[in-house]
Structures are given as structure tokens and as C-alpha cells.
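Okay, structure first, notes after.
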Amino acid sequence: MSTRSRSRRSPTAAARSLSTAARSLSRAILAWYGARPLHLLALLAAFALAGYALRAVVAAHQWRGFAVWFIVAIIGHDLLLFPLYSLADLSIRRLLPRWARGGTAGPGAAGAGRSLVPVINYIRVPAGFALLLLLVWFPLILGLSAVTYRRASGLGTDPYLWRWLAVTGVMFALSAASYALALRRASVRARRAPPGADPNLPGKTSVL
Amino acid sequence: MARGTPAQRAVAAVRGAWRAAARTAHRAGAAVRRSAAAARGAAVRQPPGPFQPGFWRSPLRGRWLTSLLGLVLLVGLPVIAITGLLSYAAYNPRLQGNDETPGAPLLKFFLFSWPTHPAWLYRLDQGVHVTLGLALLPFVLAKLWSVLPKLFSWPPVRSPAQALERLSLIMIVGGVLFEFATGILNIQDFYVFPFSFYTAHLYGAWVFIAGLIVHVALKFPKMMAGLRSRSLRRELRTPLAATQPEAPDPAGLRAADPAPPTVSRRGLLVAVSGASLTLAALAVGQSIGGWTRRTALFAPRGLSAVTPGTLPVNHTAAAARITAAATGPAYRLVLTGRRTVSLTRHELMALPQRTAVLPLACVEGWSYSAAWTGVPLAELARLVGIANPSAALVESLQQAGSFRSVTLSAGQVSDSRSMLALCLNGVDLPPDHGYPARTIIPAAPGVHNTKWVGRITFMAAQ
């Protein structure tokens, strides 16, 4: 019976039943998949595009090295570079005396007669930049590409190590100078402030 | 037997199938939800270390910071991608033998005949590509730092949608790191990768672009909401002493238990921007040239390439195994067209010469401008009876290696500034710059300016 009654429906009814079915499918996808169908379509389209590009790498017989480097890039950053720089940062903080770390108890953490300005960021910034320079230019700084670099350019890699040391030195020197300035400003403020007032607030503080 | 029209039968069949699918999906979805809920409920069973929410303590992480870093990359990375794709177009890969990266024809929809005007087009394109790449590295690292706790979120999978989205991050995170790593190693001639740079850097870029597009599509509203959650102007006025953690967000970017800050949010932004500007400033001189080359302390053709009377090269005569015998009195340039002509360097010097100041720009980002003197290519084509060349194959004396030959387009051959150069800045070409003769093509990538040219074959227009 039901099949016969359905067969007598008008085209509008068919369209309506189609849209009802589409809604129920959409709901089903939301329930099962956890997002709207468009989310799924967008991701599938992206995977299709990437897969299409990778076909050319496979065709060039280079997919093995490509895949290894792709995965090593992720692991190298997330599970090697990141833990290493985090550990370095933690170590600097642990090695510094409490007053120099900053962030311990906010204003007033510095004891009487001690520095008013934590030194931590004046080490972090130049050290971080020196390591970033090394991260980018290590083939030239360490002379690892010396042979191919000379074949290409006719130049040697020797100057890069000295330049790196010089830039690192300049960074630390600038940092030390700005630390001295910050100390001076802080001590002037401390002297001017009425007794019992917070020596770090208000007034101009370091940009960091 | 017939149950209605074919269209109605189809509707009924589709409805039936969808109902069945919906029932299955509903059951499967319920199972996933049950397991996810079980995992959420069992917080104590989270693995130790980074999987514990209390492990991540930086007070600066939060949706505003991540959104701001994301915005910088959203502006910068597409510029790098587009300049990179344009650089591929600059090689005129549709011409015979020019494509370093065959395959994937659909991804080459944007190719066009690379123009010769303005002459600095490729110089600008690659200068931006490489310098901006260096400048964005600190932002890439900062952005990854800001979202790293999410890598260890537990349970690792909450729904199929989330699983697929996490999987898609391989394209954008792997892609950006892969592209930056291969690009940065390549400009230093550190060829440690087990693949062709051109193939890997181009198709790696497409994987990255796929990941970037879908990431932006899914995250853009969240980024905008994140940006609105705090005022940049106020952040830039907030010193360390007044720095507070961001509000907790649904995505869990903010630490569950933030430590007291040791640096202000503006301090972090100033450090990242400063690192970005300094990296770029220490390299950009190699692209601008002139006196600024001396400021490029960290650039493969920066300060190191400053020696009075010389200009940088991408390949030395020694590396190309160009012998003195091949470039001495026995040298002949063979021109082929409707007839073949063989010329000594002396005979070339006797032909009408023209001088043009044109830049030479390498794919590695460095470039310089110089005065080149030589015979226009169109003139050489006429010598062999071709008035209207459609293309030219330029071959080097170099026996092996990439780019020992290149096909030039009709536009490149017929540009009046395209020439077979014999002199550089008023003196004979130095051996490393292609003595006895080299081509100079306005706006072409450096390697398409063939050095030590031994043969040019001109093709006539049909």
C-alpha cells in the first residue's frame, strides 16, 4: 500500500521528502561525526589537494625522503626543539638567584639592598636571539656547507662564525647596558618614593 | 510492477539508504560519545607529564596571543606562498625542458608566460619571498609555542571531526616547518635533503597551502573572537607588574594553573617582532644591493660577497668544470636557425652592441644590478635567418649539472634588452660570470641567464 501511495505523490512532495532526508542526513552526520557536514567536506577537499600534490612527489620517486623530512620536521620541532629551548629557559631561571628570576611574588620581591629589576629577561632576549641566528644560519656559521657554498659562490664560510660571536656579544652588551639603565631608573624611583610605597609601581618600567 | 516514475523511485531508494546510514551513524556516534565521555570522566587516568593540564604554566598563552600571532602569519604566509608560486611561473615551465617539477597539471593552472617588464620583477619577487620567510620564522615558532599544549590534549580523540582536524594539522605544521627548513638550508647551499629542492619545495608548498586554507576556514571566526577578547593598544601599555593571564577559553589555550609572569605580553611581542626585524635586516642587503650589501651580515651573498670589482655568482666556473681550453681561442658560438653560423668571440665583439643596466636575481633571494654589454638576441636570430623567433634553446659549454640549457620564450628572445652579454660593467665577463659569453634576460630567474653559452638554437614562429 505505502509504495502505491508514494508513487502518487506530486513532484513538490518528492522534493520535500528529499529535503527532509537531507536534514536527517545532516543531523546524522552531526551526531556521528561531531561537526557540520561542511567541516567534513572542507577537510576532505584539503586532503584531496594535498594528496594530489603528493602524487607528483611519488611520480618523481622522491616520496620516501619527502615523507621522512615532513615527519622529522614536526617531531624535530615539537618533541626536540621545543623541549630543548623550554629546558634551557627553565635552567636559566633555576640557576638565577630568586630575586633575579622575576615572577616570584611580583613587586617587592626584591629584598632590601638587592636589585629592583629581575635580570632574567636581559639574559633571555640576547640568548634567545643568538640561538635563533644559529638555528637559521648554522650551515654557514658551523661551516657545514663550506664545500658546496664555495663551489657555488667562490666564498668561504669562515667569517660567519666570527660574525655570529660578534652579534651575540653585541646583543649581550646592549642588554647589559639597558639593564644598567633599568637598575638606575628603579633606584631613582625607590629613593623618590615615600617609605612603604611600592618601588616598582607606578612610573616607567622596562618594556619587557 | 512499476512503482511510480524513475525519479520517485530514486527518491525512495535514496531515502531508504539515508535512513539506514543515519541509524548506523547514530549508533556509531553514540559509541564514540560514550568512549569520549568515559575518557573525560577519567581525568586521573591522563598520562603524566605534558598530558596533565597542570604541566603547562606559561601565563602568556591564551586565545588572544595565539590569535594575534595567527593574524601576522595569515597576512605573511600567503605572500610567501604567492611569491613562491610566481617564482615557479618565472621559470616558464611550459616550455620544452624548463619544468624542474613535472606532474600535477591541475596545480599549474596559474602559469603564464613570464614577462620581461619590469626588469626587477623577479628580483622583487624572490627578495620578498626569502626575506619575508626569514622575518616570519620567529612568528612561526612563537605561534607553535602558543598552541603546543594542544598537541598533548587528552583524550587525543573526542570525535571523528576532531580526529580529522588534528590529522589535517600535519599538513600545516609539517608543511610550514618543511618549507622553512628546505628553503633556509637551500639558500646556504646545504644540500642534505634526499630529494630535489625544486620538487620538494613546490609540492611541499601545496601540501602546506591545503593545510593553511582549511585551517583558516575552520579557525577564522575563532581568531576574530580571540582578537576582540583583548585590546592590542592596552596590551602594549601593560608592563610586567600589571600583566595578568588571559581569561580561560573553551579551546584550553590558557594554562589551567598559570605561573606568575616573568615577562609581559608586550615584552613577548616586542621580542618576537624584534627578532623578526633583525633577522630580515641582517639579510635584506643581499637583495637590495649597493652599499646595503655590507649590512647583510647573515645572508649567503651579503657582506661576504663584497669584494671590490666583483659581483656574486651562484655557480663558479671551476664548479661547472669550464676549462680554459674551451673558452680560449678555440671557442665558437654556434647559432642555429634557418642556417647555422659559427662565431668566434672576436666576431661577436664586432657585431652591433648594446648596453643595458639589468638586475640579476637568484632564486635564493640575492640580486644585484649591473651594466651588461653584448649583442641583442634578436640580432643573433636575424643572423641565422629568423626574424620572428618563437623560442630559443640556449645551451652552456657546461657538460653536466642543472640548468645547463634553457628554453626562452618568444617574449624573452624578442625583448630588445635580452642579449648575449660579453662585458660586465665595461670589462670582459669574468670567468665566473660566464666568459666568453652569457645570456642576460630581463626579469628572468638567475639560472635562466645561461653562462658560458656554446650554442643557441632559434625556433621560427609557425
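Every chain in the C-alpha cells takes a letter, A first, then B, and so on in the order presented; its residues are numbered from 1, and the ligands are numbered from 1 following the presented order.
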Can you tell me, as a PyMOL selection string, what residues are no more than 9 Å from Gln52 of chain B when counting only C-alpha atoms, ignoring any on the same chain fewer than 4 positions away?
-> chain B and resi 43+46-48+56+152-154
Just to be explicit: take each residue in the selection above, keep N, CA and C atoms, and write the result as a PDB file, in the first residue's frame.
```
ATOM      1  N   ALA B  43      39.670  11.684  34.428  1.00  0.00           N
ATOM      2  CA  ALA B  43      40.772  12.630  34.334  1.00  0.00           C
ATOM      3  C   ALA B  43      42.033  12.096  35.001  1.00  0.00           C
ATOM      4  N   GLN B  46      44.772  10.388  32.930  1.00  0.00           N
ATOM      5  CA  GLN B  46      45.611  11.075  31.945  1.00  0.00           C
ATOM      6  C   GLN B  46      47.049  10.655  32.168  1.00  0.00           C
ATOM      7  N   PRO B  47      47.783  10.416  31.096  1.00  0.00           N
ATOM      8  CA  PRO B  47      49.192  10.070  31.277  1.00  0.00           C
ATOM      9  C   PRO B  47      49.906  11.225  31.982  1.00  0.00           C
ATOM     10  N   PRO B  48      51.032  10.953  32.585  1.00  0.00           N
ATOM     11  CA  PRO B  48      51.736  12.024  33.317  1.00  0.00           C
ATOM     12  C   PRO B  48      52.421  12.999  32.365  1.00  0.00           C
ATOM     13  N   TRP B  56      51.458  22.699  31.918  1.00  0.00           N
ATOM     14  CA  TRP B  56      51.698  23.906  31.124  1.00  0.00           C
ATOM     15  C   TRP B  56      51.376  25.111  31.974  1.00  0.00           C
ATOM     16  N   PHE B 152      49.200  17.796  23.267  1.00  0.00           N
ATOM     17  CA  PHE B 152      49.123  16.766  24.303  1.00  0.00           C
ATOM     18  C   PHE B 152      47.746  16.700  24.951  1.00  0.00           C
ATOM     19  N   SER B 153      46.734  17.284  24.286  1.00  0.00           N
ATOM     20  CA  SER B 153      45.404  17.280  24.904  1.00  0.00           C
ATOM     21  C   SER B 153      44.914  15.829  25.035  1.00  0.00           C
ATOM     22  N   TRP B 154      44.214  15.581  26.123  1.00  0.00           N
ATOM     23  CA  TRP B 154      43.781  14.220  26.429  1.00  0.00           C
ATOM     24  C   TRP B 154      42.305  14.203  26.762  1.00  0.00           C
TER      25      TRP B 154
END
```
Contacts of segment 156-168 of chain A at 6 Å or less, counting only C-alpha atoms, minus same-chain residues fewer than 4 places along, as a PyMOL selection string?
-> chain A and resi 130+140-141+143+146+150
Rank B:Ser276, B:Thr316, B:Ser87, B:Gln244 by their smallest atom-to-atom distance to chain A, using only C-alpha atoms, and report the top residue only.
->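 Checking each candidate against chain A, we get B:Thr316 as the closest.
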Would you kindly return, as a PyMOL selection string, each protein, DNA or RNA residue with an atom no farther than 10 Å from any atom of segment 220-236 of chain B, considering only C-alpha atoms and excluding same-chain residues fewer than 2 positions away?
-> (chain A and resi 207) or (chain B and resi 62-71+74+214-218+238-239+242-243+246-247+249+251+264-267+269-270)
Non-local contacts of Ile322 of chain B (10 Å; only C-alpha atoms; under 2 positions in same chain excluded) as a PyMOL selection string = chain B and resi 316-320+324-327+396-399+431-432+434-435+452
Which residues, written as JSON, numbers by chain, have at least one atom at most 8 Å from Phe47 of chain A, with only C-alpha atoms counted and residues fewer than 4 positions away on the same chain left out?
-> {"A": [43, 51], "B": [168, 210]}
Which of segment 191-329 of chain B DSSP labels alpha helix (DSSP H), written as a PyMOL selection string | chain B and resi 197-228+232-235+265-281+285-288+324-327
Mind checking which residues fall within 12 Å of Gly174 of chain B, counting only C-alpha atoms, ignoring those fewer than 5 positions away in the same chain, and posting them as a PyMOL selection string?
-> (chain A and resi 66-78) or (chain B and resi 140+144+167-169+179-182+204-212)
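As for atom CA of Val176 of chain B and atom CA of Leu134 of chain B, they are spaced 12.4 Å apart.
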